[in-house]
Each structure stands twice: as structure tokens, then as C-alpha cells.
Amino acid sequence: MTYTSEVENMCPVTQGVHHGAAPIPEEGKWIAAKEVKDISGFTHGVGWCAPQQGACKLSLNVKEGVIQECLIETIGCSGMTHSAAMAAEVLPGLTVLEALNTDLVCDAINTAMRELFLQIAYGRTQSAFSDDGLAVGAGLEDLGKGLRSQVGTMYGTLKKGPRYLEMTEGYVTDLALDKDNQIIGYKFVSLGKMTDFIKKGLTPNEAWEKAKGQYGRIQDAVKFIDPRKE
């Protein structure tokens with residue numbers, strides 16, 4: 001190690017009290033993390049790209065510094081889905097430090113990784129106070145049955161009002177309106193369930209009907225409109 005002459009000419013002074021790393025909560029334990037392998041936790045984070053036209057929700061399950069599980073959900077530009085596909089192959093097996101310096105192509109995914117690293121390094125994970133953390137596979141619980149991302153897509157204009165296009169339950173087919181043309185409910189099709197029904201042998205029309213549902217005061221509706229066409 002090279003020192004400048006200014007440092008070399010200094011007289012030595014004994015360093016005072018040094019407590020070391022402050023303990024952080026990790027999977028039900030208090031850990032004074034000094035190395036990458038000291039880090040464990042399950043957590044989520046959100047990132048965005050430079051023009052902020054897309055976003056990524058990233059979930060990581062880290063055990064002893066190594067990523068065991070990842071869930072990448074993106075919304076925005078079409079290229080993000082392909083970057084997410086690559087990230088799903090690259091991330092498991094990397095340490096959190098390696099992952100922070102891995103080119104995941106999409107700015108939103110890289111930003112999400114940065115945000116997660118901060119949570120993990122400071123003990124702010126979802127599993128901080130859970131004994132032994134969460135089992136590998138816990139990331140899929142965010143998706144629910146059918147393993148589809150929970151997406152909400154709404155659109156509105158001052159002139160024509162709001163349109164519900166996609167809810168957690170599924171693809172919105174009809175908006176229920178009252179006498180004042182206010183939304184009081186909606187009908188939807190769960191595309192995940194529909195696909196599963198087709199895989200089990202139902203025809204597309206049968207699966208479509210079986211995957212339908214509704215929410216709100218449907219019985220009080222004066223009329224129904226297609227939110228994409230009317």
C-alpha cells in the first residue's frame with residue numbers, strides 16, 4: 001500500500017473505541033454482517049428506466065449471500081420482458097454483490113437490483129424477523145393461483161371519463177353503469193383460469209364462459225359498455 005509523504009510524516013495515534021458493524025435483523029437473528037456470506041433475506045424492490053417509461057418489481061430470496069430465487073415482473077417497453085427473461089437465468093447462484101454489478105440490460109431491472117441491495121444490506125427485508133426466513137418458492141406466492149402477475153390497467157379522459165381495462169381478477173369485458181353513467185361494477189374473464197381450463201381439455205368458448213366473473217352492484221346496472229370500444 002502506498003502512502004503520501006504527508007501521511008508518512010504523521011506521528012501514530014492509537015485508534016479509539018471501534019464497535020464494528022452494527023447488528024442488523026436477518027431471518028430472526030441479529031447479524032453483524034462483515035462479508036457477503038453474512039447476508040440473508042427475502043425482499044421486494046421497484047426500479048425504473050432512465051426515461052421512466054417502464055418499471056420492474058424484483059423479488060429476491062437470498063441465503064448466506066447467494067441468490068436462491070428471483071421473481072422479475074416488468075411493465076412498460078417490450079424489451080423489458082426479454083431482459084427479464086435473461087435476468088431469471090442469470091441471477092440465481094450469484095451473490096448479491098455480483099448481482100449488483102451484473103449487466104441486466106434493462107435500466108429498470110438494474111435500478112430495482114440497486115434498491116433491493118440497499119434493503120438487504122441494511123436489514124430491511126420482508127423476512128427480517130422471520131425465523132429461518134422464507135422457503136425458496138415464496139416468490140411465487142406474489143402471483144397467486146395461475147402464476148400470473150397482478151396487474152391493474154386503467155384509462156381516463158376528462159371528456160369521456162374512466163375505463164377499467166384490467167383488474168387483479170382479470171381482463172375487464174364490461175363496465176356496469178348506473179342511471180348517472182357512473183361505474184358501479186364490472187364483469188371480467190380470468191385469462192389465467194381460462195388458459196388452465198383449455199389445457200385441461202375444454203374448448204375456448206367453454207373455458208371463456210367458465211372463467212367469467214363479476215364484481216360490484218351488477219344487478220343495479222342500467223347498462224353495460226365495453227371499456228375498449230364504447
# chains A, B, ... in the order shown; residues from 1 in each chain; ligands from 1

call {"tool": "select_by_dssp", "arguments": {"residues": "segment 53-220 of chain A", "states": "strand (DSSP E or B)", "output": "short mmCIF file (atom, residue, chain, number, x, y, z; two decimals) with N, CA, C and O atoms, in the first residue's frame"}}
result
data_model
loop_
_atom_site.label_atom_id
_atom_site.label_comp_id
_atom_site.auth_asym_id
_atom_site.auth_seq_id
_atom_site.Cartn_x
_atom_site.Cartn_y
_atom_site.Cartn_z
N ALA A 55 -41.20 0.04 -15.66
CA ALA A 55 -40.85 -0.25 -14.27
C ALA A 55 -40.71 -1.75 -14.07
O ALA A 55 -41.25 -2.56 -14.83
N CYS A 56 -39.95 -2.12 -13.04
CA CYS A 56 -39.72 -3.52 -12.72
C CYS A 56 -39.93 -3.73 -11.22
O CYS A 56 -39.44 -2.95 -10.39
N LYS A 57 -40.67 -4.77 -10.88
CA LYS A 57 -40.76 -5.22 -9.50
C LYS A 57 -39.91 -6.48 -9.40
O LYS A 57 -40.16 -7.46 -10.11
N LEU A 58 -38.91 -6.45 -8.54
CA LEU A 58 -37.97 -7.55 -8.40
C LEU A 58 -38.08 -8.12 -6.99
O LEU A 58 -38.11 -7.38 -6.01
N SER A 59 -38.15 -9.44 -6.89
CA SER A 59 -38.16 -10.13 -5.60
C SER A 59 -36.99 -11.09 -5.56
O SER A 59 -36.77 -11.85 -6.50
N LEU A 60 -36.24 -11.05 -4.46
CA LEU A 60 -35.08 -11.93 -4.29
C LEU A 60 -35.16 -12.68 -2.98
O LEU A 60 -35.59 -12.13 -1.96
N ASN A 61 -34.74 -13.92 -3.00
CA ASN A 61 -34.60 -14.73 -1.79
C ASN A 61 -33.12 -15.07 -1.67
O ASN A 61 -32.58 -15.84 -2.47
N VAL A 62 -32.47 -14.46 -0.70
CA VAL A 62 -31.02 -14.61 -0.53
C VAL A 62 -30.72 -15.45 0.70
O VAL A 62 -31.26 -15.19 1.79
N LYS A 63 -29.87 -16.45 0.54
CA LYS A 63 -29.43 -17.29 1.65
C LYS A 63 -27.91 -17.28 1.69
O LYS A 63 -27.26 -17.66 0.72
N VAL A 66 -26.07 -15.69 -1.25
CA VAL A 66 -26.31 -16.18 -2.61
C VAL A 66 -27.80 -16.12 -2.95
O VAL A 66 -28.64 -16.54 -2.16
N ILE A 67 -28.11 -15.61 -4.13
CA ILE A 67 -29.50 -15.53 -4.58
C ILE A 67 -29.98 -16.94 -4.94
O ILE A 67 -29.43 -17.59 -5.83
N GLN A 68 -31.01 -17.38 -4.24
CA GLN A 68 -31.57 -18.71 -4.47
C GLN A 68 -32.81 -18.66 -5.35
O GLN A 68 -33.17 -19.65 -6.00
N GLU A 69 -33.46 -17.49 -5.37
CA GLU A 69 -34.75 -17.37 -6.06
C GLU A 69 -34.95 -15.93 -6.49
O GLU A 69 -34.57 -14.99 -5.76
N CYS A 70 -35.52 -15.73 -7.68
CA CYS A 70 -35.84 -14.37 -8.12
C CYS A 70 -37.17 -14.38 -8.86
O CYS A 70 -37.52 -15.35 -9.52
N LEU A 71 -37.90 -13.29 -8.72
CA LEU A 71 -39.13 -13.07 -9.47
C LEU A 71 -39.02 -11.70 -10.10
O LEU A 71 -38.81 -10.71 -9.41
N ILE A 72 -39.10 -11.65 -11.43
CA ILE A 72 -38.97 -10.38 -12.15
C ILE A 72 -40.28 -10.09 -12.86
O ILE A 72 -40.72 -10.87 -13.71
N GLU A 73 -40.92 -8.98 -12.51
CA GLU A 73 -42.16 -8.56 -13.15
C GLU A 73 -41.94 -7.18 -13.75
O GLU A 73 -41.48 -6.27 -13.07
N THR A 74 -42.25 -7.02 -15.02
CA THR A 74 -42.00 -5.75 -15.70
C THR A 74 -43.26 -5.21 -16.35
O THR A 74 -44.17 -5.95 -16.71
N ILE A 75 -43.29 -3.91 -16.50
CA ILE A 75 -44.36 -3.26 -17.25
C ILE A 75 -43.76 -2.05 -17.96
O ILE A 75 -42.96 -1.32 -17.38
N THR A 95 -23.92 -13.98 -5.96
CA THR A 95 -24.01 -13.28 -4.69
C THR A 95 -24.70 -11.95 -4.93
O THR A 95 -24.76 -11.46 -6.07
N THR A 153 -54.85 -2.01 -15.01
CA THR A 153 -54.70 -1.07 -16.13
C THR A 153 -55.98 -0.24 -16.24
O THR A 153 -57.05 -0.80 -16.50
N MET A 154 -55.84 1.05 -16.00
CA MET A 154 -56.99 1.96 -16.05
C MET A 154 -56.67 3.13 -16.98
O MET A 154 -55.52 3.54 -17.11
N TYR A 155 -57.70 3.65 -17.60
CA TYR A 155 -57.52 4.79 -18.51
C TYR A 155 -58.68 5.74 -18.32
O TYR A 155 -59.81 5.32 -18.05
N GLY A 156 -58.40 7.04 -18.43
CA GLY A 156 -59.47 8.01 -18.29
C GLY A 156 -59.18 9.30 -19.03
O GLY A 156 -58.02 9.68 -19.20
N THR A 157 -60.24 9.96 -19.50
CA THR A 157 -60.11 11.29 -20.11
C THR A 157 -61.14 12.21 -19.49
O THR A 157 -62.18 11.75 -18.97
N GLY A 161 -64.37 10.25 -19.44
CA GLY A 161 -64.39 9.56 -18.16
C GLY A 161 -63.48 8.34 -18.09
O GLY A 161 -62.69 8.08 -18.99
N PRO A 162 -63.62 7.55 -17.01
CA PRO A 162 -62.71 6.43 -16.74
C PRO A 162 -63.08 5.15 -17.48
O PRO A 162 -64.24 4.94 -17.84
N ARG A 163 -62.07 4.32 -17.69
CA ARG A 163 -62.25 2.99 -18.27
C ARG A 163 -61.39 2.00 -17.48
O ARG A 163 -60.18 2.21 -17.34
N TYR A 164 -62.02 0.97 -16.91
CA TYR A 164 -61.27 -0.11 -16.26
C TYR A 164 -60.96 -1.15 -17.34
O TYR A 164 -61.88 -1.67 -17.97
N LEU A 165 -59.68 -1.44 -17.55
CA LEU A 165 -59.29 -2.37 -18.60
C LEU A 165 -58.81 -3.72 -18.05
O LEU A 165 -59.11 -4.77 -18.63
N GLU A 166 -58.08 -3.67 -16.96
CA GLU A 166 -57.55 -4.91 -16.37
C GLU A 166 -57.51 -4.74 -14.86
O GLU A 166 -56.98 -3.76 -14.34
N MET A 167 -58.11 -5.72 -14.16
CA MET A 167 -58.09 -5.72 -12.71
C MET A 167 -57.33 -6.95 -12.23
O MET A 167 -56.99 -7.83 -13.03
N GLY A 170 -58.82 -10.06 -13.49
CA GLY A 170 -58.64 -10.43 -14.88
C GLY A 170 -58.97 -9.31 -15.86
O GLY A 170 -59.06 -8.13 -15.51
N TYR A 171 -59.17 -9.73 -17.10
CA TYR A 171 -59.44 -8.85 -18.24
C TYR A 171 -60.90 -8.37 -18.14
O TYR A 171 -61.84 -9.17 -18.11
N VAL A 172 -61.08 -7.05 -18.08
CA VAL A 172 -62.43 -6.49 -17.93
C VAL A 172 -63.15 -6.49 -19.28
O VAL A 172 -62.65 -5.93 -20.26
N THR A 173 -64.30 -7.13 -19.31
CA THR A 173 -65.08 -7.22 -20.55
C THR A 173 -66.21 -6.20 -20.60
O THR A 173 -66.57 -5.73 -21.68
N ASP A 174 -66.78 -5.87 -19.43
CA ASP A 174 -67.93 -4.96 -19.39
C ASP A 174 -67.86 -4.09 -18.15
O ASP A 174 -67.50 -4.56 -17.06
N LEU A 175 -68.22 -2.81 -18.31
CA LEU A 175 -68.39 -1.92 -17.17
C LEU A 175 -69.88 -1.74 -16.92
O LEU A 175 -70.65 -1.51 -17.85
N ALA A 176 -70.28 -1.88 -15.66
CA ALA A 176 -71.67 -1.69 -15.28
C ALA A 176 -71.89 -0.23 -14.89
O ALA A 176 -71.16 0.32 -14.06
N LEU A 177 -72.87 0.41 -15.53
CA LEU A 177 -73.14 1.82 -15.28
C LEU A 177 -74.53 2.00 -14.67
O LEU A 177 -75.47 1.26 -15.00
N ILE A 183 -69.68 4.24 -12.87
CA ILE A 183 -69.32 2.82 -12.79
C ILE A 183 -69.72 2.27 -11.42
O ILE A 183 -69.34 2.82 -10.38
N ILE A 184 -70.48 1.18 -11.43
CA ILE A 184 -70.88 0.55 -10.17
C ILE A 184 -70.44 -0.91 -10.11
O ILE A 184 -70.76 -1.62 -9.15
N GLY A 185 -69.71 -1.36 -11.12
CA GLY A 185 -69.24 -2.74 -11.12
C GLY A 185 -68.63 -3.08 -12.47
O GLY A 185 -68.58 -2.25 -13.38
N TYR A 186 -68.16 -4.31 -12.58
CA TYR A 186 -67.58 -4.75 -13.84
C TYR A 186 -67.63 -6.27 -13.95
O TYR A 186 -67.73 -6.99 -12.96
N LYS A 187 -67.61 -6.73 -15.19
CA LYS A 187 -67.51 -8.15 -15.49
C LYS A 187 -66.11 -8.41 -16.05
O LYS A 187 -65.52 -7.55 -16.69
N PHE A 188 -65.59 -9.60 -15.77
CA PHE A 188 -64.22 -9.88 -16.20
C PHE A 188 -64.05 -11.35 -16.57
O PHE A 188 -64.91 -12.19 -16.27
N VAL A 189 -62.96 -11.63 -17.23
CA VAL A 189 -62.54 -13.00 -17.53
C VAL A 189 -61.14 -13.20 -16.98
O VAL A 189 -60.23 -12.40 -17.28
N LYS A 212 -65.40 -16.62 -16.41
CA LYS A 212 -66.03 -15.32 -16.20
C LYS A 212 -66.32 -15.07 -14.72
O LYS A 212 -66.52 -15.98 -13.94
N GLY A 213 -66.35 -13.79 -14.37
CA GLY A 213 -66.73 -13.38 -13.02
C GLY A 213 -67.24 -11.96 -13.04
O GLY A 213 -67.25 -11.30 -14.09
N GLN A 214 -67.71 -11.48 -11.90
CA GLN A 214 -68.20 -10.10 -11.83
C GLN A 214 -67.99 -9.54 -10.44
O GLN A 214 -67.80 -10.27 -9.47
N TYR A 215 -68.00 -8.22 -10.35
CA TYR A 215 -67.79 -7.55 -9.08
C TYR A 215 -68.61 -6.27 -9.04
O TYR A 215 -68.75 -5.58 -10.05
N GLY A 216 -69.17 -5.96 -7.87
CA GLY A 216 -69.91 -4.72 -7.70
C GLY A 216 -71.42 -4.93 -7.74
O GLY A 216 -71.92 -6.05 -7.65
#

call {"tool": "residues_around", "arguments": {"residues": "Met80 of chain A", "least_positions_apart": "3", "cutoff": "12 Å", "atoms": "only C-alpha atoms", "output": "list in words"}}
result
Gly47, Trp48, Cys49, Gln53, Gly54, Ala55, Cys56, Lys57, Ile72, Glu73, Thr74, Ile75, Gly76, Cys77, Ser83, Ala84, Ala85, Met86, Ala87, Leu104, Val105, Cys106, Asp107, Ala108, Ile109 and Asn110 of chain A

call {"tool": "write_last_selection", "arguments": {"atoms": "N, CA and C atoms", "output": "mmCIF file, in the first residue's frame"}}
result
data_model
loop_
_atom_site.group_PDB
_atom_site.id
_atom_site.type_symbol
_atom_site.label_atom_id
_atom_site.label_comp_id
_atom_site.auth_asym_id
_atom_site.auth_seq_id
_atom_site.Cartn_x
_atom_site.Cartn_y
_atom_site.Cartn_z
ATOM 1 N N GLY A 47 -37.870 -0.761 -9.575
ATOM 2 C CA GLY A 47 -36.929 0.062 -10.328
ATOM 3 C C GLY A 47 -37.592 0.666 -11.543
ATOM 4 N N TRP A 48 -36.948 1.660 -12.113
ATOM 5 C CA TRP A 48 -37.498 2.372 -13.271
ATOM 6 C C TRP A 48 -36.358 2.674 -14.244
ATOM 7 N N CYS A 49 -36.717 2.816 -15.510
ATOM 8 C CA CYS A 49 -35.690 3.095 -16.513
ATOM 9 C C CYS A 49 -35.451 4.598 -16.610
ATOM 10 N N GLN A 53 -40.307 5.216 -18.634
ATOM 11 C CA GLN A 53 -41.439 4.700 -19.387
ATOM 12 C C GLN A 53 -41.736 3.247 -19.030
ATOM 13 N N GLY A 54 -40.939 2.694 -18.135
ATOM 14 C CA GLY A 54 -41.157 1.318 -17.721
ATOM 15 C C GLY A 54 -40.691 1.104 -16.298
ATOM 16 N N ALA A 55 -41.204 0.040 -15.659
ATOM 17 C CA ALA A 55 -40.852 -0.252 -14.272
ATOM 18 C C ALA A 55 -40.706 -1.750 -14.073
ATOM 19 N N CYS A 56 -39.947 -2.116 -13.043
ATOM 20 C CA CYS A 56 -39.717 -3.521 -12.715
ATOM 21 C C CYS A 56 -39.933 -3.729 -11.221
ATOM 22 N N LYS A 57 -40.671 -4.771 -10.883
ATOM 23 C CA LYS A 57 -40.760 -5.222 -9.498
ATOM 24 C C LYS A 57 -39.912 -6.484 -9.402
ATOM 25 N N ILE A 72 -39.097 -11.649 -11.430
ATOM 26 C CA ILE A 72 -38.969 -10.385 -12.149
ATOM 27 C C ILE A 72 -40.283 -10.088 -12.863
ATOM 28 N N GLU A 73 -40.917 -8.977 -12.508
ATOM 29 C CA GLU A 73 -42.163 -8.563 -13.151
ATOM 30 C C GLU A 73 -41.941 -7.177 -13.750
ATOM 31 N N THR A 74 -42.253 -7.023 -15.024
ATOM 32 C CA THR A 74 -41.997 -5.752 -15.701
ATOM 33 C C THR A 74 -43.259 -5.209 -16.354
ATOM 34 N N ILE A 75 -43.287 -3.906 -16.499
ATOM 35 C CA ILE A 75 -44.359 -3.260 -17.246
ATOM 36 C C ILE A 75 -43.763 -2.050 -17.961
ATOM 37 N N GLY A 76 -44.085 -1.894 -19.219
ATOM 38 C CA GLY A 76 -43.523 -0.779 -19.966
ATOM 39 C C GLY A 76 -43.133 -1.192 -21.362
ATOM 40 N N CYS A 77 -41.866 -0.979 -21.723
ATOM 41 C CA CYS A 77 -41.448 -1.258 -23.091
ATOM 42 C C CYS A 77 -41.354 -2.764 -23.330
ATOM 43 N N SER A 83 -35.378 -8.746 -21.318
ATOM 44 C CA SER A 83 -34.341 -8.537 -20.308
ATOM 45 C C SER A 83 -34.672 -9.308 -19.038
ATOM 46 N N ALA A 84 -35.957 -9.353 -18.688
ATOM 47 C CA ALA A 84 -36.387 -10.100 -17.508
ATOM 48 C C ALA A 84 -36.123 -11.589 -17.684
ATOM 49 N N ALA A 85 -36.335 -12.085 -18.907
ATOM 50 C CA ALA A 85 -36.073 -13.497 -19.180
ATOM 51 C C ALA A 85 -34.601 -13.815 -18.955
ATOM 52 N N MET A 86 -33.740 -12.912 -19.397
ATOM 53 C CA MET A 86 -32.310 -13.104 -19.186
ATOM 54 C C MET A 86 -31.960 -13.034 -17.703
ATOM 55 N N ALA A 87 -32.557 -12.078 -16.994
ATOM 56 C CA ALA A 87 -32.269 -11.918 -15.573
ATOM 57 C C ALA A 87 -32.656 -13.159 -14.778
ATOM 58 N N LEU A 104 -27.838 -6.310 -16.450
ATOM 59 C CA LEU A 104 -29.141 -6.923 -16.680
ATOM 60 C C LEU A 104 -29.881 -6.241 -17.826
ATOM 61 N N VAL A 105 -29.148 -5.452 -18.625
ATOM 62 C CA VAL A 105 -29.609 -4.785 -19.851
ATOM 63 C C VAL A 105 -30.637 -3.696 -19.554
ATOM 64 N N CYS A 106 -31.734 -4.059 -18.957
ATOM 65 C CA CYS A 106 -32.823 -3.100 -18.718
ATOM 66 C C CYS A 106 -32.494 -2.213 -17.518
ATOM 67 N N ASP A 107 -32.574 -0.902 -17.709
ATOM 68 C CA ASP A 107 -32.311 0.040 -16.621
ATOM 69 C C ASP A 107 -33.233 -0.195 -15.435
ATOM 70 N N ALA A 108 -34.477 -0.521 -15.714
ATOM 71 C CA ALA A 108 -35.447 -0.703 -14.636
ATOM 72 C C ALA A 108 -35.063 -1.887 -13.749
ATOM 73 N N ILE A 109 -34.589 -2.967 -14.349
ATOM 74 C CA ILE A 109 -34.181 -4.137 -13.573
ATOM 75 C C ILE A 109 -32.915 -3.823 -12.778
ATOM 76 N N ASN A 110 -31.973 -3.118 -13.409
ATOM 77 C CA ASN A 110 -30.758 -2.709 -12.704
ATOM 78 C C ASN A 110 -31.074 -1.799 -11.520
#

call {"tool": "select_by_dssp", "arguments": {"residues": "segment 132-207 of chain A", "states": "helix (DSSP H, G or I)", "output": "list in words"}}
result
Ala138, Gly139, Leu140, Glu141, Asp142, Leu191, Gly192, Lys193, Met194, Thr195, Asp196, Phe197, Ile198, Lys199, Pro204, Asn205, Glu206 and Ala207 of chain A

call {"tool": "residues_around", "arguments": {"residues": "Asp38 of chain A", "least_positions_apart": "3", "cutoff": "7 Å", "atoms": "only C-alpha atoms", "output": "list in words"}}
result
Ala33, Lys34, Glu35, Glu64 and Gly65 of chain A

call {"tool": "write_last_selection", "arguments": {"atoms": "all heavy atoms", "output": "mmCIF file, in the first residue's frame"}}
result
data_model
loop_
_atom_site.group_PDB
_atom_site.id
_atom_site.type_symbol
_atom_site.label_atom_id
_atom_site.label_comp_id
_atom_site.auth_asym_id
_atom_site.auth_seq_id
_atom_site.Cartn_x
_atom_site.Cartn_y
_atom_site.Cartn_z
ATOM 1 N N ALA A 33 -23.022 -8.094 9.976
ATOM 2 C CA ALA A 33 -22.573 -8.518 8.651
ATOM 3 C C ALA A 33 -21.245 -7.873 8.286
ATOM 4 O O ALA A 33 -21.123 -6.649 8.258
ATOM 5 C CB ALA A 33 -23.635 -8.173 7.612
ATOM 6 N N LYS A 34 -20.265 -8.722 7.999
ATOM 7 C CA LYS A 34 -18.941 -8.248 7.592
ATOM 8 C C LYS A 34 -18.580 -8.733 6.196
ATOM 9 O O LYS A 34 -17.743 -8.131 5.524
ATOM 10 C CB LYS A 34 -17.886 -8.717 8.588
ATOM 11 C CG LYS A 34 -18.093 -8.184 10.003
ATOM 12 C CD LYS A 34 -17.020 -8.701 10.941
ATOM 13 C CE LYS A 34 -17.244 -8.185 12.360
ATOM 14 N NZ LYS A 34 -16.195 -8.695 13.293
ATOM 15 N N GLU A 35 -19.183 -9.816 5.757
ATOM 16 C CA GLU A 35 -18.893 -10.380 4.448
ATOM 17 C C GLU A 35 -20.205 -10.671 3.733
ATOM 18 O O GLU A 35 -21.265 -10.731 4.360
ATOM 19 C CB GLU A 35 -18.075 -11.670 4.585
ATOM 20 C CG GLU A 35 -16.755 -11.495 5.324
ATOM 21 C CD GLU A 35 -16.025 -12.818 5.474
ATOM 22 O OE1 GLU A 35 -16.121 -13.649 4.546
ATOM 23 O OE2 GLU A 35 -15.383 -13.024 6.510
ATOM 24 N N GLU A 64 -27.354 -16.811 2.819
ATOM 25 C CA GLU A 64 -25.903 -16.755 3.016
ATOM 26 C C GLU A 64 -25.203 -16.068 1.842
ATOM 27 O O GLU A 64 -24.197 -16.538 1.316
ATOM 28 C CB GLU A 64 -25.335 -18.154 3.249
ATOM 29 C CG GLU A 64 -25.875 -18.788 4.525
ATOM 30 C CD GLU A 64 -25.315 -20.175 4.776
ATOM 31 O OE1 GLU A 64 -24.692 -20.742 3.846
ATOM 32 O OE2 GLU A 64 -25.494 -20.680 5.883
ATOM 33 N N GLY A 65 -25.794 -14.958 1.412
ATOM 34 C CA GLY A 65 -25.183 -14.129 0.394
ATOM 35 C C GLY A 65 -25.478 -14.506 -1.035
ATOM 36 O O GLY A 65 -25.182 -13.749 -1.957
#

call {"tool": "residues_around", "arguments": {"residues": "Ile24 of chain A", "least_positions_apart": "6", "cutoff": "6 Å", "atoms": "only C-alpha atoms", "output": "list in words"}}
result
Trp30, Ile31 and Gly123 of chain A

call {"tool": "closest_residue", "arguments": {"among": "A:Leu147, A:Leu134, A:Glu230, A:Ile218", "to": "Lys160 of chain A", "atoms": "only C-alpha atoms"}}
result
A:Glu230

call {"tool": "atom_distance", "arguments": {"atom1": "atom CA of Gln126 of chain A", "atom2": "atom CA of Val96 of chain A"}}
result
16.1 Å

call {"tool": "residues_around", "arguments": {"residues": "segment 192-197 of chain A", "least_positions_apart": "5", "cutoff": "10 Å", "atoms": "only C-alpha atoms", "output": "NGL selection string"}}
result
:A and (145-149 or 169-171 or 202-212)

call {"tool": "residues_around", "arguments": {"residues": "Asp132 of chain A", "least_positions_apart": "4", "cutoff": "9 Å", "atoms": "only C-alpha atoms", "output": "PyMOL selection string"}}
result
chain A and resi 26-29+41+127

call {"tool": "closest_residue", "arguments": {"among": "A:Val17, A:Phe224, A:Lys199, A:Cys11", "to": "Asn181 of chain A", "atoms": "only C-alpha atoms"}}
result
A:Phe224

call {"tool": "closest_residue", "arguments": {"among": "A:Gln150, A:Ser190, A:Thr4, A:Thr43", "to": "Arg124 of chain A", "atoms": "only C-alpha atoms"}}
result
A:Thr43
